[in-house]
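This report refers to the structure that appears directly beneath it.
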Amino acid sequence: MAQGTKLITVDFKQATIGQVATDLQTKTGYHFYYDAAQFDSLRVTLQLTDKPLEAVLNQAFANTNYHFAITSDHDVFLTREHELQPQLATGYYGKGSSAAGVSGAAAIVVVPDYTELAEKKVANATTENKLYEVGIKTNNVKGGNVTLAGYIRDIKTGEPVVGASVTLLNSKNGIATNQFGYFSLSLPRGRNVINIKALGMRDTRRQVTMYSDGNLNIEVQEQVTTLKEVKVSADKVANVRSVELGATRLDIKSIKQVPAVFGEADVLRVVLTLPGVTSVGEATTGFNVRGGAADQNLILLNDATVYNPAHFFGFFSAFNPDIVKNIELYKASIPERFGGRLSSVLDVTNREGNKKLFTGSAGIGLLTSRLNIEGPIVKDKTSFIFGGRTTYSDWLLKLLPDEYKNSSASFYDLNLDISHQINEKNNLYFTGYISHDAFRLNSDTTYGYSNRNAGLKWKHTYNNKLFSLISVGVDDYKYNVASEGNEVNGYKLNFNVSQTYAKADFTYYLSPKHTLSYGISTLLYHLNGGDLEPEGNKSLVVPDMLEPERALESALYLGDKYDVTSNLSFNVGLRYSLYNYLGPHTVYEYADGQPKTENSLVDSTSYGKNKVIKTYGGPEIRVSGRYNITDDFSVKAGYNTLRQYIHLLSNTTAISPTDVYKLSDPNIKPQYGDQVSFGLYKNFKSNTIETSVEVYYKRIKDYLDYKSGAVLVVNHHIETDVLNTRGKAYGIEFLLRKNVGKLNGWTSYTYSRTFLKQDDPNAGELINEGTYYPANYDKPHNFNFTGNYRFTHRYSVSLNVVYSTGRPITLPIAKYDYAGSERVYYSDRNQYRVPDYFRSDFSINIEGNHRVHQKTHNTWTLGVYNLTGRKNAYSTYFTSGGGTITGYQLSIFATAIPFINYNIRF
Amino acid sequence: MKNTRQLFTGIMLLLLIYSCKRPFAPDVVASDVNYLVVEGNINTGADTTIIKLSRTTQLSDSTKRKNETGAKVYVEDDKNIQYALPELASGMYKAALNLKNVQKCRLHIVTKDQKEYVSDYVDALTTPPIDSISYTVTGTGIQLYTYAHDPTNQIKYYRWDFDETWEYVSYYQTLYKYDAVNNKVVPRVGEDIFHCWIDGHSNQILLGSSAGLSQSVINNQPIAYVDQSSGKLAQGYSMLLKQYALTKEAYEYWQKIKKNTEQLGSIFDAQPSALTGNLHNLNDANEPVLGYIGASSVTSKRFLIGHNSLPISSAVYYPPPDSSDCKQKAIQFSPDDTYGVRLNNTFARGDSLITSDYGLPGRILGYLYTGAECVDCRVKMKGGRNVKPPYWPDVL
């Protein structure tokens with residue numbers, strides 16, 4: 001080769017390929033051929049004196065995957081990845097042709113060995129084999145760590161993938177994407193292989209060469225689940241690797257597999273299948289997490305608080321299964337960014353609209369039908385998703401006895417979510433939600449309730465390591481009851497609670513070992529606890545209105561996820577919450593040391609507008625730690641404290657929609673709770689089977705119970721009718737979950753106890769003599785099986801089996817004759833139990849056909865709820881009628897209920 | 001809230017097709033409780049004060065009522081004057097007390113085992129009059145309502161109970177009776193055993209409140225539903241409604257007992273709650289004493305309606321017994337020689353009664369007879385009496 005003869009001198013500083021090629025072309029007269037696009041990230045810094053061209057290029061491309069080839073015709077070919085052999089194969093011209101190609105292969109030795117991976121499996125997605133170069137390219141790779149950040153999105157819809165795990169191959173370093181699909185990962189410079197695993201998505205990987213901090217957006221493909229396995233876990237190793245205890249994530253696909261009473265997937269019913277979650281019975285929206293009361297759950301829909309997540313008095317959940325993407329339930333390790341409720345956070349996340357094309361779906365069931373449409377407003381930038389549901393349940397009412405034939409019931413809910421990408425660093429999200437229920441019995445009473453939520457979020461990325469999320473919004477819940485049948489007593493009662501909030505959350509990827517999250521939030525409550533008005537001209541009802549209440553709940557938090565070693569991690573969080581009860585309001589004072597009654601009322605003080613009447617507050621600790629004993633076996637422990645400033649007052653066993661909320665005030669203290677938990681997590685069979693055992697002990701202080709016969713509606717002295725109660729709960733939860741394969745699902749067994757105790761000496765009345773008694777939802781033994789078996793790609797069956805101890809009830813201990821009838825006398829609360837609960841549900845899911853490219857896809861779901869028709873007791877009770885007492889057992893859904901549901905996607 | 005509750009009951013009914021209610025007997029709760037039960041109202045008006053004492057019984061016990069006898073019962077006013085209530089029937093202590101000028105009073109009981117119980121002092125209330133009682137036809141019966149108001153706006157809480165009386169008839173009307181002394185059949189003269197009247201009492205707790213209204217008005221307050229299938233509307237129906245003024249505390253007590261014993265079984269039930277009345281054992285404050293003693297005058301009003309005034313068509317006779325129970329047999333005169341013996345054998349026991357004679361025109365061959373319950377309305381229903389109450393009009 002002749003090129004060795006001419007010596008050249010170069011001096012490049014961050015030179016682009018164009019500059020390099022032009023300079024060398026001028027100095028050597030050789031022609032350079034290359035694809036500029038392939039070289040756009042290359043910057044050459046090089047100073048050489050009197051070297052041959054080959055040496056110059058060798059140096060320039062050292063430690064990169066760029067190659068060069070110099071032909072005898074004085075042409076220089078620059079390539080990436082693939083080396084060009086400019087000479088013909090040996091023997092093409094016969095023996096003796098001497099063309100010694102210059103190999104740049106030696107230049108790649110600095111990258112980690114990845115041949116093992118390449119041998120194991122030949123990946124088919126080209127992007128997986130492509131080597132991405134990130135950062136400002138230099139020809140010499142320094143040591144140390146850099147940060148790679150970016151979004152993980154669905155290739156088809158452009159929707160962010162939440163909770164995807166991004167891990168480095170052969171390393172335990174990893175991170176999960178946040179709610180916007182954003183990740184920020186610290187990794188060594190040089191060549192790395194990143195694995196991406198996400199819920200309902202195909203596992204994928206990317207090969208990157210890191211030069212400096214940089215960005216990489218990754219698009220992942222939806223797992224065509226009808227054709228392949230279904231996963232219920234975000235990450236096959238998440239349960240073992242994550243630092244959190246008692247957190248469960250379920251995607252809508254696994255939710256839809258669980259047979260539901262009227263055939264429509266129901267988010268809240270599925271939550272009840274998880275260990276540690278119980279309820280008092282079939283007809284309630286309320287669920288109890290690890291011994292907490294039903295109002296101690298924070299239910300969020302895209303960060304908006306939903307006060308009443310149910311339709312039809314609890315028989316349907318108010319979340320549209322076609323819009324919901326996934327849910328996450330935190331039972332123990334409640335992240336420090338959440339606060340305000342004692343027991344759990346149920347975080348429901350809606351999908352983002354398809355950013356690429358218009359699609360939709362519709363479903364028809366026995367009682368409801370639904371429609372959703374989504375699509376781009378500006379392609380790849382702005383999208384919307386709209387969902388609506390309504391009921392036509394009146395036919396059901398027609399089946400009732402004649403005296404109820406004029407009844408009517410209706411509900412609807414509407415979702416509208418818009419996401420807009422302003423630019424790479426700024427995104428806006430809007431969430432709107434309305435649900436409404438109206439009911440009219442044959443009588444003259446009409447009833448309605450409604451949730452309304454609107455929120456706006458702005459996400460800003462400062463750099464690879466820091467991003468922020470600013471949210472503002474309004475959440476509102478109201479109900480009204482109106483009756484005009486009796487003209488003198490006609491009334492209308494309105495209740496309303498609304499909260500206006502603003503919060504800023506920051507995530508800072510400080511170093512590979514520390515991820516900081518911090519933020520500030522404030523929330524203004526406005527509560528109208530009851531407004532009674534006369535209805536009709538002749539009504540004598542005196543307008544009566546509780547003085548509206550206002551309060552500000554603010555919080556500041558800081559959390560650090562600290563990876564001490566790859567096996568030992570901690571989440572250490574501190575939240576400081578501050579509560580101000582604000583004027584204008586009149587506050588009553590009661591004599592010290594006496595039961596609060598209207599008789600012990602000694603004084604009242606009026607406070608002016610925005611005057612701080614009472615301040616409560618304090619630190620909340622959120623700590624958890626994880627130690628990996630082996631790769632698939634870990635132990636975790638955690639401790640949490642929480643405060644709750646808003647109370648639900650209910651004197652019914654099940655939560656009813658007319659229950660009233662009350663803010664903490666000088667007479668009503670906030671609730672306080674803490675929980676310590678410990679868990680063992682072990683995966684089997686290449687992480688396809690997850691098992692865990694968790695134990696917990698929890699205490700609750702200042703939970704509100706009510707006095708016997710308390711009036712909770714439009715009560716000006718509600719503090720005289722409620723009692724401070726303390727609670728304790730403990731339990732052990734076993735979970736076995738199989739995420740892949742033809743048979744998948746989960747099964748759990750929980751042993752747990754929940755006790756309440758009312759020993760406030762100033763209460764004036766003691767329940768069960770001030771000793772601990774079982775709470776209404778104390779069901780010691782709970783067994784649940786939820787499974788799906790896929791025969792073929794088109795047919796699958798699901799089975800759900802539930803067993804639990806019957807709930808506690810209060811039974812009479814004697815009878816007596818009074819007011820013309822035999823009557824029963826009750827003594828201690830909750831000392832007996834209804835018979836054990838058992839139910840099994842079954843469904844068959846049929847996919848219409850599974851060609852990917854067709855205009856519509858349809859599915860049928862048919863099944864039977866309560867297959868065995870067992871008459872499970874909701875309650876047992878005695879009533880006096882006709883002069884004698886009779887015992888009854890009330891059962892709801894006491895028969896096998898068949899259902900059918902048709903869904904179409906377009 | 002009453003209407004809300006009603007709504008929830010409706011919800012339960014709405015889900016009736018998917019729910020069910022069936023009799024259930026839980027494992028009997030064994031207990032040895034034997035609490036004193038005190039029922040009554042200190043009548044500060046002209047009427048009799050009746051205090052009934054009894055004891056609680058086991059749930060499994062078949063006795064409906066265990067009376068507490070032999071107690072010394074008296075009312076004390078705030079000037080320590082005692083008004084005795086002697087035991088006039090088993091467990092029933094009554095007397096007309098003149099308490100017109102009493103402001104506050106309490107009940108004092110010394111049981112025969114020398115335990116001493118007192119009620120709290122209660123205010124003597126003046127019960128306003130009942131304005132009217134009305135009805136509407138609802139389904140196959142009538143719904144009765146009451147109206148009242150207190151012009152002084154003092155009384156906000158009310159309780160009612162009632163005695164009802166209805167007329168009924170037996171299956172056969174007869175013109176004959178058996179004369180046991182002379183062993184012969186004689187015309188039944190001046191004695192009607194076809195029409196009877198029987199009494200009933202309210203067995204539900206009836207409460208009303210005008211709290212929250214600008215005036216003390218009770219409007220259209222449901223009192224009772226009387227279905228024609230009960231037979232109470234077959235001839236005529238009368239109700240004597242009694243009204244009692246209550247204090248707020250008493251009202252709350254009655255609400256609780258109503259909720260605990262009558263209003264269970266819906267999905268949104270309040271939990272049964274402990275009942276604490278206003279009576280205490282003087283020596284053992286922890287001993288539960290059941291009942292609540294109030295003091296008030298009592299007002300009453302009578303409602304009366306005849307079958308023919310009702311805009312519903314219904315039968316005038318209600319079984320049992322029905323026609324198959326009331327098959328008639330014949331006793332004929334011939335053979336004459338055994339007639340007397342047969343007559344005696346058939347009717348001396350009194351369980352069969354003659355309904356009519358039979359025979360050819362102008363010639364009686366014998367008598368038809370059937371079971372006494374088909375002929376004598378007093379036998380048909382225990383407690384029925386064939387004496388028309390004084391307030392009952394001749395023509396309804």
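In the structure tokens, each chain is lettered A, B, ... as it comes, each chain's residues begin at 1, and ligands are numbered from 1 in order of appearance.
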Within 7 Å of Ser296 in chain B, counting only C-alpha atoms, which residues qualify if same-chain residues fewer than 2 places away don't, as a list in words? Ile42, Asn43, Thr44, Ala124, Leu125, Thr126, Thr127, Tyr244, Ala245, Gly294 and Val298 of chain B
Tell me as a ChimeraX atom specification which residues belonging to chain A come within 7 Å of chain B, counting only C-alpha atoms. /A:283,397,400,441,445,486,488,540-542,651-654,656,708-709,810,813-821,823-824,826-827,877-880,882-883,887-895
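Within 9 Å of range 376-388 of chain B, once only C-alpha atoms are used and residues closer than 3 positions along the same chain are dropped, the contacting residues are Glu167, Tyr168, Val169, Ser170, Tyr171, Tyr172, Gln173, Thr174, Glu191, Asp192, Ile193, Phe194, His195, Cys196, Trp197, Ile198, Asp199, Pro320, Pro321, Leu353, Gly371, Ala372, Glu373, Tyr391, Trp392, Pro393 and Asp394 of chain B.
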Enumerate the residues of range 189-311 of chain B with a DSSP assignment of strand (DSSP E), computed from the backbone, and present them as a VMD selection string. chain B and resid 195 to 201 206 to 209 217 to 227 236 to 246 279 to 281 294 to 296 298 to 306
Residues within 9 Å of Val258 in chain A, only C-alpha atoms, excluding chain neighbours under 3 positions, as a PyMOL selection string: chain A and resi 254-255+265-266+269-270+786-788+798-800+841-843
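Interatomic distance, CA of Asn283 in chain B against CA of His108 in chain B: 13.4 Å.
For Asn278 in chain B, the non-local neighbours within 10 Å, defined as residues at least 4 positions apart in the same chain or in other chains and counting only C-alpha atoms, are Arg106, Val118, Ser119, Asp120, Tyr121, Val122, Glu249, Ala250, Tyr253, Val289, Leu290, Gly291, Tyr292, Ile293 and Gly294 of chain B.
Shortest separation to Thr146 in chain B among B:Ala234, B:Ile223, B:Met239, B:Ile109 occurs at residue B:Ile223, atoms counted being only C-alpha atoms.
Distance-wise, CA of Ile194 in chain A and CA of Asp251 in chain A end up 23.6 Å apart.
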In Å to one decimal, how far is CA of Thr884 in chain A from CA of Gln243 in chain B? 23.7 Å
Any idea what's packed within 9 Å of range 731-741 of chain A, counting only C-alpha atoms, ignoring anything in its chain fewer than 3 positions away? Could you give it as an MDAnalysis selection string? chainID A and resid 228:233 236 274:276 290 687:697 744:754 780 789:790
